[in-house]
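Heads up, model15.pdb below (PDB, C-alpha atoms and all ligand atoms):
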```
ATOM      1  CA  MET L   2      30.716  40.273-153.303
ATOM      2  CA  LYS L   3      27.491  38.270-152.994
ATOM      3  CA  GLU L   4      26.905  35.024-154.786
ATOM      4  CA  ILE L   5      26.273  34.691-158.523
ATOM      5  CA  THR L   6      24.047  31.916-159.912
ATOM      6  CA  LEU L   7      25.442  30.257-163.002
ATOM      7  CA  TYR L   8      22.821  28.408-165.046
ATOM      8  CA  GLY L   9      24.606  25.689-166.957
ATOM      9  CA  THR L  10      25.784  22.120-166.912
ATOM     10  CA  PRO L  11      29.159  20.322-167.014
ATOM     11  CA  LEU L  12      28.153  18.950-170.427
ATOM     12  CA  SER L  13      27.885  22.411-171.969
ATOM     13  CA  LEU L  14      30.893  23.758-173.835
ATOM     14  CA  TYR L  15      30.014  27.419-173.381
ATOM     15  CA  THR L  16      29.247  27.017-169.694
ATOM     16  CA  GLY L  17      32.856  25.862-169.292
ATOM     17  CA  ARG L  18      34.164  29.189-170.553
ATOM     18  CA  ALA L  19      32.107  31.255-168.084
ATOM     19  CA  ARG L  20      32.689  28.831-165.193
ATOM     20  CA  SER L  21      36.467  28.869-165.578
ATOM     21  CA  TYR L  22      36.377  32.677-165.630
ATOM     22  CA  LEU L  23      34.344  32.849-162.413
ATOM     23  CA  ILE L  24      36.705  30.402-160.714
ATOM     24  CA  LYS L  25      39.921  32.137-161.760
ATOM     25  CA  ALA L  26      38.507  35.586-160.956
ATOM     26  CA  GLY L  27      37.668  34.323-157.461
ATOM     27  CA  LEU L  28      33.993  35.261-157.851
ATOM     28  CA  GLU L  29      31.629  33.392-155.558
ATOM     29  CA  TYR L  30      29.031  31.480-157.523
ATOM     30  CA  ARG L  31      26.777  28.479-157.391
ATOM     31  CA  GLU L  32      25.939  26.446-160.456
ATOM     32  CA  THR L  33      22.591  24.889-161.217
ATOM     33  CA  THR L  34      20.868  23.423-164.254
ATOM     34  CA  PRO L  35      18.367  25.838-165.824
ATOM     35  CA  ILE L  36      15.302  23.825-164.821
ATOM     36  CA  THR L  37      14.131  25.621-161.702
ATOM     37  CA  GLU L  38      10.880  27.598-161.532
ATOM     38  CA  HIS L  39      12.895  30.696-160.677
ATOM     39  CA  CYS L  40      14.916  30.248-163.838
ATOM     40  CA  ARG L  41      11.834  29.718-165.994
ATOM     41  CA  ASN L  42       9.740  32.539-164.493
ATOM     42  CA  ILE L  43      12.316  35.195-163.632
ATOM     43  CA  VAL L  44      15.666  34.571-165.301
ATOM     44  CA  ILE L  45      14.677  33.561-168.834
ATOM     45  CA  PRO L  46      12.240  36.466-169.310
ATOM     46  CA  LYS L  47      15.023  38.844-168.216
ATOM     47  CA  ALA L  48      17.249  37.192-170.832
ATOM     48  CA  GLY L  49      14.792  38.252-173.518
ATOM     49  CA  GLY L  50      12.968  34.939-173.423
ATOM     50  CA  ARG L  51      16.036  33.117-174.809
ATOM     51  CA  ALA L  52      17.126  30.126-172.759
ATOM     52  CA  SER L  53      20.740  29.180-173.340
ATOM     53  CA  MET L  54      23.669  28.099-171.241
ATOM     54  CA  PRO L  55      25.515  29.835-169.743
ATOM     55  CA  THR L  56      23.281  32.493-168.265
ATOM     56  CA  ILE L  57      24.053  34.152-164.956
ATOM     57  CA  GLU L  58      21.980  35.998-162.400
ATOM     58  CA  THR L  59      23.964  38.336-160.200
ATOM     59  CA  ALA L  60      23.190  38.825-156.515
ATOM     60  CA  GLU L  61      21.467  42.082-157.524
ATOM     61  CA  GLY L  62      19.176  40.226-159.939
ATOM     62  CA  GLU L  63      20.873  41.299-163.163
ATOM     63  CA  VAL L  64      20.724  38.592-165.839
ATOM     64  CA  ILE L  65      23.471  38.141-168.445
ATOM     65  CA  ARG L  66      23.218  35.550-171.188
ATOM     66  CA  ASP L  67      26.135  34.400-173.360
ATOM     67  CA  GLY L  68      29.550  33.363-172.108
ATOM     68  CA  ALA L  69      31.425  36.129-173.922
ATOM     69  CA  ALA L  70      29.078  38.784-172.472
ATOM     70  CA  ILE L  71      29.528  37.347-168.970
ATOM     71  CA  ILE L  72      33.318  37.525-169.261
ATOM     72  CA  ASP L  73      33.205  41.024-170.797
ATOM     73  CA  HIS L  74      30.954  42.181-167.941
ATOM     74  CA  TYR L  75      33.405  41.114-165.228
ATOM     75  CA  GLU L  76      36.494  42.093-167.229
ATOM     76  CA  ALA L  77      35.120  45.646-167.465
ATOM     77  CA  MET L  78      34.482  45.633-163.700
ATOM     78  CA  ASN L  79      37.882  44.269-162.707
ATOM     79  CA  GLY L  80      40.084  46.373-164.993
ATOM     80  CA  HIS L  81      40.571  43.667-167.648
ATOM     81  CA  LEU L  82      42.482  41.430-165.297
ATOM     82  CA  PHE L  83      42.623  38.567-167.798
ATOM     83  CA  SER L  84      43.524  40.543-170.919
ATOM     84  CA  PRO L  85      47.307  40.307-171.411
ATOM     85  CA  GLU L  86      49.305  43.516-171.265
ATOM     86  CA  THR L  87      51.155  43.423-174.590
ATOM     87  CA  PRO L  88      49.229  44.051-177.852
ATOM     88  CA  LYS L  89      50.525  40.825-179.459
ATOM     89  CA  GLN L  90      49.411  38.691-176.526
ATOM     90  CA  ARG L  91      46.059  40.506-176.405
ATOM     91  CA  ILE L  92      45.408  39.675-180.071
ATOM     92  CA  LEU L  93      46.517  36.074-179.564
ATOM     93  CA  SER L  94      44.370  35.778-176.453
ATOM     94  CA  ARG L  95      41.274  36.830-178.440
ATOM     95  CA  LEU L  96      42.295  34.482-181.261
ATOM     96  CA  PHE L  97      42.590  31.529-178.888
ATOM     97  CA  ASP L  98      39.187  32.455-177.462
ATOM     98  CA  VAL L  99      37.669  32.115-180.944
ATOM     99  CA  ILE L 100      39.650  28.935-181.680
ATOM    100  CA  GLY L 101      38.350  27.372-178.468
ATOM    101  CA  ALA L 102      34.769  28.571-178.605
ATOM    102  CA  GLU L 103      34.247  28.111-182.340
ATOM    103  CA  GLY L 104      37.187  26.464-184.135
ATOM    104  CA  LEU L 105      37.347  23.382-181.944
ATOM    105  CA  LEU L 106      33.642  22.650-182.325
ATOM    106  CA  ARG L 107      34.411  20.034-184.993
ATOM    107  CA  PRO L 108      36.622  17.754-182.862
ATOM    108  CA  ALA L 109      34.412  18.465-179.830
ATOM    109  CA  MET L 110      31.278  17.371-181.686
ATOM    110  CA  HIS L 111      32.987  14.539-183.570
ATOM    111  CA  TYR L 112      34.403  12.881-180.479
ATOM    112  CA  ARG L 113      31.102  13.349-178.630
ATOM    113  CA  TRP L 114      28.661  12.085-181.245
ATOM    114  CA  ASN L 115      30.506   9.652-183.486
ATOM    115  CA  PHE L 116      31.573   7.157-180.775
ATOM    116  CA  GLU L 117      28.271   5.827-179.492
ATOM    117  CA  ALA L 118      29.645   2.645-177.927
ATOM    118  CA  GLU L 119      31.865   4.677-175.615
ATOM    119  CA  ASN L 120      29.755   7.799-175.050
ATOM    120  CA  LEU L 121      26.043   7.147-175.447
ATOM    121  CA  GLU L 122      25.126   6.043-171.922
ATOM    122  CA  PHE L 123      27.054   8.932-170.376
ATOM    123  CA  LEU L 124      25.478  11.474-172.742
ATOM    124  CA  ARG L 125      21.930  10.192-172.203
ATOM    125  CA  PHE L 126      22.323  10.612-168.437
ATOM    126  CA  HIS L 127      23.621  14.169-168.758
ATOM    127  CA  PHE L 128      21.100  15.283-171.373
ATOM    128  CA  GLN L 129      18.275  14.061-169.152
ATOM    129  CA  SER L 130      19.669  16.013-166.222
ATOM    130  CA  VAL L 131      19.005  19.328-167.993
ATOM    131  CA  MET L 132      15.383  18.469-168.767
ATOM    132  CA  PRO L 133      12.544  19.473-166.403
ATOM    133  CA  ARG L 134      11.826  16.831-163.756
ATOM    134  CA  GLY L 135       8.681  14.784-164.290
ATOM    135  CA  PRO L 136       7.127  12.442-166.823
ATOM    136  CA  GLY L 137       8.872  12.143-170.172
ATOM    137  CA  ARG L 138      12.202  13.431-168.864
ATOM    138  CA  ALA L 139      14.220  10.634-170.509
ATOM    139  CA  GLU L 140      12.441  11.070-173.849
ATOM    140  CA  LYS L 141      13.003  14.815-173.801
ATOM    141  CA  GLY L 142      16.695  14.259-173.042
ATOM    142  CA  ASP L 143      16.999  11.812-175.930
ATOM    143  CA  LYS L 144      15.300  14.267-178.270
ATOM    144  CA  ALA L 145      17.681  17.069-177.286
ATOM    145  CA  ALA L 146      20.614  14.677-177.773
ATOM    146  CA  ASP L 147      19.326  13.762-181.250
ATOM    147  CA  GLN L 148      19.214  17.442-182.174
ATOM    148  CA  MET L 149      22.831  17.913-181.096
ATOM    149  CA  ARG L 150      23.870  14.774-182.990
ATOM    150  CA  ALA L 151      22.387  16.322-186.125
ATOM    151  CA  ALA L 152      24.195  19.587-185.346
ATOM    152  CA  CYS L 153      27.466  17.641-185.305
ATOM    153  CA  MET L 154      26.995  16.878-188.995
ATOM    154  CA  ALA L 155      25.984  20.466-189.700
ATOM    155  CA  PHE L 156      29.282  21.619-188.164
ATOM    156  CA  GLY L 157      31.106  19.511-190.767
ATOM    157  CA  ALA L 158      32.033  16.411-188.786
ATOM    158  CA  VAL L 159      30.928  13.963-191.486
ATOM    159  CA  PRO L 160      32.610  10.695-192.576
ATOM    160  CA  GLU L 161      34.664  12.436-195.271
ATOM    161  CA  THR L 162      36.244  14.777-192.706
ATOM    162  CA  PHE L 163      36.712  12.358-189.785
ATOM    163  CA  GLU L 164      40.345  11.589-190.611
ATOM    164  CA  LEU L 165      41.295  15.247-191.025
ATOM    165  CA  VAL L 166      39.457  16.301-187.846
ATOM    166  CA  GLU L 167      41.221  13.564-185.875
ATOM    167  CA  THR L 168      44.686  14.289-187.320
ATOM    168  CA  LEU L 169      44.426  18.012-186.632
ATOM    169  CA  TYR L 170      43.118  17.436-183.106
ATOM    170  CA  LEU L 171      45.903  15.002-182.213
ATOM    171  CA  GLU L 172      48.478  17.499-183.547
ATOM    172  CA  LEU L 173      46.947  20.224-181.391
ATOM    173  CA  LEU L 174      46.907  17.952-178.361
ATOM    174  CA  GLU L 175      50.614  17.228-178.840
ATOM    175  CA  LYS L 176      51.457  20.938-179.116
ATOM    176  CA  LEU L 177      49.356  21.896-176.100
ATOM    177  CA  ASN L 178      50.829  19.032-174.111
ATOM    178  CA  LEU L 179      54.359  20.291-174.819
ATOM    179  CA  HIS L 180      53.401  23.849-173.940
ATOM    180  CA  PHE L 181      51.560  22.986-170.738
ATOM    181  CA  ALA L 182      54.437  20.787-169.582
ATOM    182  CA  ASP L 183      56.343  24.058-169.325
ATOM    183  CA  GLN L 184      53.719  26.738-168.553
ATOM    184  CA  PRO L 185      50.399  26.473-166.709
ATOM    185  CA  TYR L 186      48.560  28.804-169.122
ATOM    186  CA  LEU L 187      48.835  29.961-172.741
ATOM    187  CA  PHE L 188      50.913  33.034-171.911
ATOM    188  CA  GLY L 189      52.739  31.939-168.786
ATOM    189  CA  GLY L 190      51.711  32.038-165.162
ATOM    190  CA  LYS L 191      48.367  33.802-165.475
ATOM    191  CA  PRO L 192      45.209  32.772-167.343
ATOM    192  CA  SER L 193      43.870  34.911-170.178
ATOM    193  CA  VAL L 194      40.577  35.246-172.031
ATOM    194  CA  GLY L 195      42.136  32.832-174.558
ATOM    195  CA  ASP L 196      42.572  30.160-171.879
ATOM    196  CA  PHE L 197      38.883  30.436-170.969
ATOM    197  CA  GLY L 198      37.908  29.934-174.624
ATOM    198  CA  MET L 199      40.210  26.929-174.994
ATOM    199  CA  ILE L 200      39.062  25.213-171.812
ATOM    200  CA  ALA L 201      35.456  25.260-173.094
ATOM    201  CA  PRO L 202      35.829  22.342-175.575
ATOM    202  CA  LEU L 203      38.840  20.844-173.808
ATOM    203  CA  TYR L 204      36.779  20.421-170.639
ATOM    204  CA  ALA L 205      33.118  19.967-171.547
ATOM    205  CA  HIS L 206      33.545  17.577-174.469
ATOM    206  CA  LEU L 207      37.153  16.562-174.998
ATOM    207  CA  GLY L 208      38.085  16.212-171.331
ATOM    208  CA  ARG L 209      34.865  14.583-170.032
ATOM    209  CA  ASP L 210      33.133  12.474-172.672
ATOM    210  CA  PRO L 211      34.543   8.948-172.291
ATOM    211  CA  LYS L 212      36.011   8.549-175.814
ATOM    212  CA  PRO L 213      37.945  11.827-176.065
ATOM    213  CA  LEU L 214      38.864  11.639-172.367
ATOM    214  CA  SER L 215      40.621   8.318-172.994
ATOM    215  CA  LEU L 216      42.362   9.882-175.992
ATOM    216  CA  MET L 217      43.534  12.817-173.900
ATOM    217  CA  GLN L 218      44.758  10.529-171.151
ATOM    218  CA  ALA L 219      46.701   8.451-173.684
ATOM    219  CA  ASN L 220      48.197  11.395-175.586
ATOM    220  CA  ALA L 221      48.586  14.230-173.096
ATOM    221  CA  VAL L 222      50.041  13.377-169.736
TER     222      VAL L 222
HETATM  223  N1  LIG L 301      27.348  32.215-177.879
HETATM  224  C1  LIG L 301      26.744  31.540-176.761
HETATM  225  C2  LIG L 301      26.429  30.118-177.145
HETATM  226  C3  LIG L 301      25.646  29.392-176.066
HETATM  227  C4  LIG L 301      25.166  28.028-176.494
HETATM  228  O1  LIG L 301      25.028  27.734-177.682
HETATM  229  N2  LIG L 301      24.914  27.195-175.481
HETATM  230  C5  LIG L 301      24.350  25.886-175.710
HETATM  231  C6  LIG L 301      24.876  24.892-174.708
HETATM  232  S1  LIG L 301      26.630  24.679-174.823
HETATM  233  C7  LIG L 301      22.855  25.992-175.513
HETATM  234  O2  LIG L 301      22.399  26.497-174.504
HETATM  235  N3  LIG L 301      22.104  25.522-176.491
HETATM  236  C8  LIG L 301      20.681  25.528-176.416
HETATM  237  C9  LIG L 301      20.080  26.760-177.029
HETATM  238  O3  LIG L 301      20.835  27.656-177.472
HETATM  239  O4  LIG L 301      18.853  26.810-177.077
HETATM  240  C10 LIG L 301      27.684  31.602-175.542
HETATM  241  O5  LIG L 301      28.896  31.748-175.724
HETATM  242  O6  LIG L 301      27.212  31.565-174.423
END
```
Reformat the file's structure so that it appears as structure tokens.
Amino acid sequence: MKEITLYGTPLSLYTGRARSYLIKAGLEYRETTPITEHCRNIVIPKAGGRASMPTIETAEGEVIRDGAAIIDHYEAMNGHLFSPETPKQRILSRLFDVIGAEGLLRPAMHYRWNFEAENLEFLRFHFQSVMPRGPGRAEKGDKAADQMRAACMAFGAVPETFELVETLYLELLEKLNLHFADQPYLFGGKPSVGDFGMIAPLYAHLGRDPKPLSLMQANAV
């Protein structure tokens, strides 16, 4: 199969879900930030004018936006290789996908945005990298970062919930650490759609941003 272009960034939670799928499915791809002329003039219009990460362009020029749609597209092509065989595991796999892609947004956003001393410099660099090159790049990156900081509060990571968010996340980390000491994936030796959902926050935010990375290193070895 010819190469796929994945438009995304390591910073982006939802890009992590699509990227891990492409890797585990053995699909050849290259990843680039969505700031090229080709992306602006060809890819985004084909995505209905909506620019979000991840978006892919196949070698044939087909454009698919949204991580779940990208995975569904290749799952349908490859005979649902990453959907477990038993009904119980299939339901749990979908549940873990939702937990990863939606439920873990609170700890992901909390540990990214509420620890400025540890994270700010790192985040500023990465937010700038997804802005178009040229004058004002740093300011545009800072503005986008400010919008995401505000979104963190909208997701419910506010001072009154900090303790609960942290307690629940550390409990989850402990459980996952025990499980992954024994099995490489959620359901044994093969990844599932649920694993791709879970890796999204556990990679992009919780496994890369300096504060939560140090927490993971201290609590999950
Ligand atoms: N449901 C979408 C969500 C994508 C999404 O929200 N991506 C973020 C980056 S992690 C983004 O591109 N935000 C900017 C925007 O939507 O304009 C998916 O799973 O792909």
Could you spell out the hits of the PyMOL selection byres (((not hetatm)) within 10 of (chain L and resi 301)) on the shown file, as a ChimeraX atom specification?
/L:8-19,35,51-56,65-72,102-103,145,149,198,201-202,205-206
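For the residues L:Arg209, L:His111, L:Arg95, L:Arg134, ranking by smallest atom-to-atom distance to Asp73 in chain L using all atoms listed in the file places L:Arg95 first.
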Glu4 in chain L: which residues within 10 Å, counting all atoms listed in the file, same-chain residues fewer than 2 positions away excluded, as a PyMOL selection string?
chain L and resi 2+6-7+28-31+58-61
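Note that the spacing between CA of Val131 in chain L and CA of Gly195 in chain L amounts to 27.6 Å.
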Any chance you could work out the residue set of the PyMOL selection byres (((chain L and resi 186-190) around 12) and not hetatm) here, as a PyMOL selection string?
chain L and resi 25+83-87+89-98+176-185+191-200
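The interatomic distance for the pair CA of Pro108 in chain L and CA of Ile57 in chain L works out to 27.3 Å.
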So that all listed atoms of range 48-51 of chain L fit with 4 Å spare on each side, what axis-aligned box centre and edge lengths in Å, to one decimal, would you give as JSON?
```
{"center_x": 15.1, "center_y": 35.7, "center_z": -172.8, "size_x": 12.3, "size_y": 13.1, "size_z": 12.0}
```
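Shortest separation to Leu165 in chain L among L:Ala221, L:Arg107, L:Ile24, L:Asn79 occurs at residue L:Arg107, atoms counted being all atoms listed in the file.
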Point-to-point distance in Å for CA of Ser21 in chain L and CA of Ala48 in chain L
21.6 Å
